[in-house]
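Following: one structure in structure tokens, then a few remarks.
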Amino acid sequence: MIVALLIGGFLALLLLGIPVVWAMAAATLVAISAGNLHLPLSWFSQQVLHGADSITLSSIPLFLLAGGIMNAGGLTRRIVGVAESLFGRLRGGLGLANVATCLVYGGISGSATADTGAVAAIMIPAMEARGYPRDFSAAVTAASGTLGIIVPPSVVMILYGVITNTSIGGLFVAGIIPGLLVSAAFMLVSYGIGLKRGFPRLQRRPDLRSFGADLAKAVPALVMPLLILGSIVGGFATATEAAGLAVIYALLAGLLVYRELRLSHLPAIARDALATTGAIMMVMAVATPFAWVLTVERVPMLAASWITGLQTGPFATLALVLVLLKVVGFWLDLGPALVILAPILHPIVRAAGFGEYQIGLLFIVTLGIGLFTPPIGTNIFVVCNVGRVDMGAVSRWLAPYWVAALACVFLLAVAPPLTEWLPHLFGL
């Protein structure tokens, strides 16, 4: 009865177009009021406050703030310059440069949406000016923008670590190889499309002097992800402390090195970081009583018993979980999907014998595919708005990137060292 009210009410409100956070809150209130839990409404308020009361979650606004400062300080343009020097001579090379830029920028912003929007604003016009179709430029940016949640630091990894009690530093390190793997897959797709379509390439010959100059300009920006990850892996800082260091470094680099950041930029940057953080924290807050009701009603245990009762092997169990994640990822945003499903599905896959970091990266990459899956992928909305292109035109280019991402999920599932080796090497 209570579970039916909770889940049924939540889905019904979503179908009516109610935002996820309010749908979760309303469904929880209905369940505790109409069910036989005998809980006062004040309990809901207490649980909401408890859900947002985590020192680790305070790293989210700091990472977002650092990414915004570095973007305003000219970071993205310098990363693009290095990437273009590396790949511009290849057929369709700016597509590869787009992926490389998202890979590096994702290690700073920590957010797929921020990554996608920042890169789209620069790369879509630049690629169009060099003869690339605007809708292709938007598509490769939408797909590559998912690297922002795979490579460290990642806001989604922080959420996953808090929800499942998994080491965030370990997740950051575990995301390095998968991030490179997905980047390589997207580069191969971009190169293949470039060859097939005869996309342009830079006519100037490779020039080590020019590349060295571009690299020197970008070094302060490229050091930042190493600073963040190194401070955590080296045991010098927690994720929250590393985020604070990132903000200080971003300010110094933007004001003193690049000299493009103005103090007048900071209020708008802080406002954007605050708005994104508010949306994330609201979901985390209301998800706490929602998840508590599910746990009390033994939903995780029942789900585990059902899957175990199927008497499937470990990989069949993992396949069922990933299919469920993919289906949910089609219609529910990544954050809420993770908050709802991770507490239920993580123990099931862990009991099947898979490593904790392997499970975390499989969850994140699988749900991340939903960010560039039509018709509701968040990244698609971002590139369509920034690039002023039609969603249907962008979606036609996304199919090969979607297949490449699924191939990466398969590799991560069958090859545990891709996610487990580095964290264990660093003792995490």
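Each chain in the structure tokens gets a letter, A, B, ..., in the order shown, and its residues are numbered from 1; ligands are numbered from 1 in order too.
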
### Message
Excluding range 215-218 of chain A and its own-chain neighbours fewer than 4 positions away, which residues fall within 9 Å of it when counting only C-alpha atoms? Please give them as JSON, numbers by chain.
### Response
{"A": [75, 77, 78, 79, 81, 82, 210, 211, 222, 223, 258]}

### Query
Which neighbours of Arg396 in chain A fall inside 9 Å, counting only C-alpha atoms, when residues of the same chain fewer than 2 positions from it are skipped, and could you give them as a PyMOL selection string?
chain A and resi 135-136+139+391-394+398-399

### Query
Which neighbours of Ala415 in chain A fall inside 12 Å, counting only C-alpha atoms, when residues of the same chain fewer than 4 positions from it are skipped, and could you give them as a count of residues only?
15

### Query
Near Gly360 in chain A, counting only C-alpha atoms, which residues have an atom at most 10 Å away, once you skip same-chain residues fewer than 2 positions from it, shown as a list of chain:residue names?
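Contacts, with the query itself left out: A:Met157, A:Tyr160, A:Gly161, A:Thr164, A:Thr166, A:Leu171, A:Ala174, A:Gly175, A:Ala342, A:His346, A:Gly355, A:Glu356, A:Tyr357, A:Gln358, A:Leu362, A:Phe363, A:Ile364, A:Val365, A:Thr366, A:Thr419.
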
How would the residues just chosen look if you wrote them out with C-alpha atoms as a CSV table (one decimal), in the first residue's frame?
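So the final result, stored in result-v5.csv, reads:
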chain,number,residue,atom,x,y,z
A,157,MET,CA,30.7,10.9,-8.5
A,160,TYR,CA,27.2,8.6,-5.9
A,161,GLY,CA,29.9,8.4,-3.2
A,164,THR,CA,26.6,4.5,-1.5
A,166,THR,CA,32.0,4.8,-1.6
A,171,LEU,CA,35.9,7.1,-7.6
A,174,ALA,CA,38.7,5.1,-11.1
A,175,GLY,CA,37.2,7.5,-13.6
A,342,ALA,CA,21.8,3.6,-6.4
A,346,HIS,CA,24.3,-1.0,-5.7
A,355,GLY,CA,34.1,-4.2,-7.5
A,356,GLU,CA,32.7,-1.1,-5.8
A,357,TYR,CA,34.5,1.3,-8.2
A,358,GLN,CA,33.6,-0.8,-11.2
A,362,LEU,CA,29.1,1.5,-14.8
A,363,PHE,CA,26.3,3.4,-13.1
A,364,ILE,CA,27.7,6.8,-14.1
A,365,VAL,CA,28.5,6.0,-17.7
A,366,THR,CA,25.3,4.1,-18.3
A,419,THR,CA,38.1,0.7,-13.1

### Task
Determine, counting only C-alpha atoms, which protein, DNA and RNA residues have an atom within 10 Å of an atom of Ile340 in chain A; residues of the same chain fewer than 2 positions away are not included. Present the result as a list of chain:residue names.
A:Met24, A:Ile163, A:Met284, A:Ala287, A:Thr288, A:Phe290, A:Ala291, A:Leu294, A:Gly335, A:Pro336, A:Ala337, A:Leu338, A:Ala342, A:Pro343, A:Ile344, A:Leu345

Prev. selection, C-alpha atoms, output as a short mmCIF file (atom, residue, chain, number, x, y, z; two decimals), in the first residue's frame:
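File written: result00.cif
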data_model
loop_
_atom_site.label_atom_id
_atom_site.label_comp_id
_atom_site.auth_asym_id
_atom_site.auth_seq_id
_atom_site.Cartn_x
_atom_site.Cartn_y
_atom_site.Cartn_z
CA MET A 24 9.35 13.18 -4.86
CA ILE A 163 24.70 7.87 -1.45
CA MET A 284 19.38 15.24 -2.42
CA ALA A 287 15.39 12.07 -1.74
CA THR A 288 16.38 11.24 1.85
CA PHE A 290 11.82 9.14 -0.13
CA ALA A 291 14.65 6.57 0.14
CA LEU A 294 11.59 2.58 0.40
CA GLY A 335 20.79 13.05 -10.53
CA PRO A 336 17.33 11.92 -9.41
CA ALA A 337 17.80 8.54 -11.14
CA LEU A 338 21.05 8.02 -9.24
CA ALA A 342 21.78 3.60 -6.40
CA PRO A 343 20.74 2.59 -2.84
CA ILE A 344 18.61 -0.22 -4.27
CA LEU A 345 20.82 -1.55 -7.07
#

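Put simply, CA of Pro225 in chain A is 5.3 Å away from CA of Gly107 in chain A.
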
### Query
So which bits of range 247-378 of chain A end up helix (DSSP H, G or I) when you DSSP the backbone, as a PyMOL selection string?
chain A and resi 247-257+263-296+299-309+314-331+334-351+356-372+378

### Query
Do you have the CA of Leu320 in chain A-CA of Leu412 in chain A distance handy?
15.4 Å

### Query
Quick one: residues within 8 Å of range 4-19 of chain A, only C-alpha atoms counted, chain neighbours fewer than 2 positions away excluded, as a list in words?
Met1, Ile2, Val21, Trp22, Ala23, Met24, Ala26, Ala27, Thr28, Val30, Ala31 and Phe290 of chain A

Selected residues written out with N, CA and C atoms, as a PDB file, in the first residue's frame:
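Result went into part22.pdb, see below:
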ATOM      1  N   MET A   1       0.828  -1.202   0.000  1.00  0.00           N
ATOM      2  CA  MET A   1       0.000   0.000   0.000  1.00  0.00           C
ATOM      3  C   MET A   1       0.876   1.270   0.000  1.00  0.00           C
ATOM      4  N   ILE A   2       1.839   1.317   0.960  1.00  0.00           N
ATOM      5  CA  ILE A   2       2.683   2.503   1.085  1.00  0.00           C
ATOM      6  C   ILE A   2       3.582   2.660  -0.137  1.00  0.00           C
ATOM      7  N   VAL A  21      11.783  17.140  -8.185  1.00  0.00           N
ATOM      8  CA  VAL A  21      11.956  17.374  -6.748  1.00  0.00           C
ATOM      9  C   VAL A  21      10.613  17.497  -6.046  1.00  0.00           C
ATOM     10  N   TRP A  22       9.655  18.195  -6.665  1.00  0.00           N
ATOM     11  CA  TRP A  22       8.348  18.353  -6.032  1.00  0.00           C
ATOM     12  C   TRP A  22       7.537  17.068  -6.122  1.00  0.00           C
ATOM     13  N   ALA A  23       7.738  16.298  -7.183  1.00  0.00           N
ATOM     14  CA  ALA A  23       7.050  15.002  -7.301  1.00  0.00           C
ATOM     15  C   ALA A  23       7.507  14.056  -6.193  1.00  0.00           C
ATOM     16  N   MET A  24       8.822  14.026  -5.923  1.00  0.00           N
ATOM     17  CA  MET A  24       9.345  13.175  -4.855  1.00  0.00           C
ATOM     18  C   MET A  24       8.823  13.625  -3.496  1.00  0.00           C
ATOM     19  N   ALA A  26       6.082  15.430  -2.750  1.00  0.00           N
ATOM     20  CA  ALA A  26       4.639  15.219  -2.607  1.00  0.00           C
ATOM     21  C   ALA A  26       4.307  13.742  -2.424  1.00  0.00           C
ATOM     22  N   ALA A  27       4.964  12.871  -3.199  1.00  0.00           N
ATOM     23  CA  ALA A  27       4.700  11.436  -3.083  1.00  0.00           C
ATOM     24  C   ALA A  27       5.078  10.929  -1.690  1.00  0.00           C
ATOM     25  N   THR A  28       6.181  11.427  -1.154  1.00  0.00           N
ATOM     26  CA  THR A  28       6.596  11.008   0.189  1.00  0.00           C
ATOM     27  C   THR A  28       5.594  11.469   1.242  1.00  0.00           C
ATOM     28  N   VAL A  30       2.412  12.079   0.823  1.00  0.00           N
ATOM     29  CA  VAL A  30       1.189  11.268   0.688  1.00  0.00           C
ATOM     30  C   VAL A  30       1.388   9.905   1.324  1.00  0.00           C
ATOM     31  N   ALA A  31       2.558   9.292   1.105  1.00  0.00           N
ATOM     32  CA  ALA A  31       2.822   7.954   1.639  1.00  0.00           C
ATOM     33  C   ALA A  31       2.824   7.934   3.163  1.00  0.00           C
ATOM     34  N   PHE A 290      12.326  10.039   0.913  1.00  0.00           N
ATOM     35  CA  PHE A 290      11.825   9.137  -0.132  1.00  0.00           C
ATOM     36  C   PHE A 290      12.526   7.786  -0.029  1.00  0.00           C
TER      37      PHE A 290
END

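When only C-alpha atoms are used to measure the gap to Val155 in chain A, the shortest distance among A:Cys384, A:Ala268, A:Ile168, A:Ile248 belongs to A:Ile168.
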
#### Entry: Between CA of Gly179 in chain A and CA of Met70 in chain A, distance in Å (one decimal)
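Going from CA of Gly179 in chain A over to CA of Met70 in chain A, I get 21.0 Å.
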
Between range 185-253 of chain A and range 84-97 of chain A, at 6 Å or less, what are the per-residue closest atom pairs and their distances in Å? Count only C-alpha atoms, order by chain and rising residue number, and return it as JSON lines.
{"residue": "A:Met187", "atom": "CA", "partner": "A:Leu96", "partner_atom": "CA", "distance": 5.0}
{"residue": "A:Ser190", "atom": "CA", "partner": "A:Gly95", "partner_atom": "CA", "distance": 5.6}
{"residue": "A:Tyr191", "atom": "CA", "partner": "A:Gly92", "partner_atom": "CA", "distance": 5.8}
{"residue": "A:Gly194", "atom": "CA", "partner": "A:Gly92", "partner_atom": "CA", "distance": 4.1}
{"residue": "A:Leu195", "atom": "CA", "partner": "A:Arg91", "partner_atom": "CA", "distance": 5.9}
{"residue": "A:Phe199", "atom": "CA", "partner": "A:Gly92", "partner_atom": "CA", "distance": 5.0}
{"residue": "A:Pro200", "atom": "CA", "partner": "A:Gly92", "partner_atom": "CA", "distance": 5.9}
{"residue": "A:Arg201", "atom": "CA", "partner": "A:Arg91", "partner_atom": "CA", "distance": 5.1}
{"residue": "A:Leu202", "atom": "CA", "partner": "A:Arg89", "partner_atom": "CA", "distance": 5.0}
{"residue": "A:Phe211", "atom": "CA", "partner": "A:Ser85", "partner_atom": "CA", "distance": 5.8}
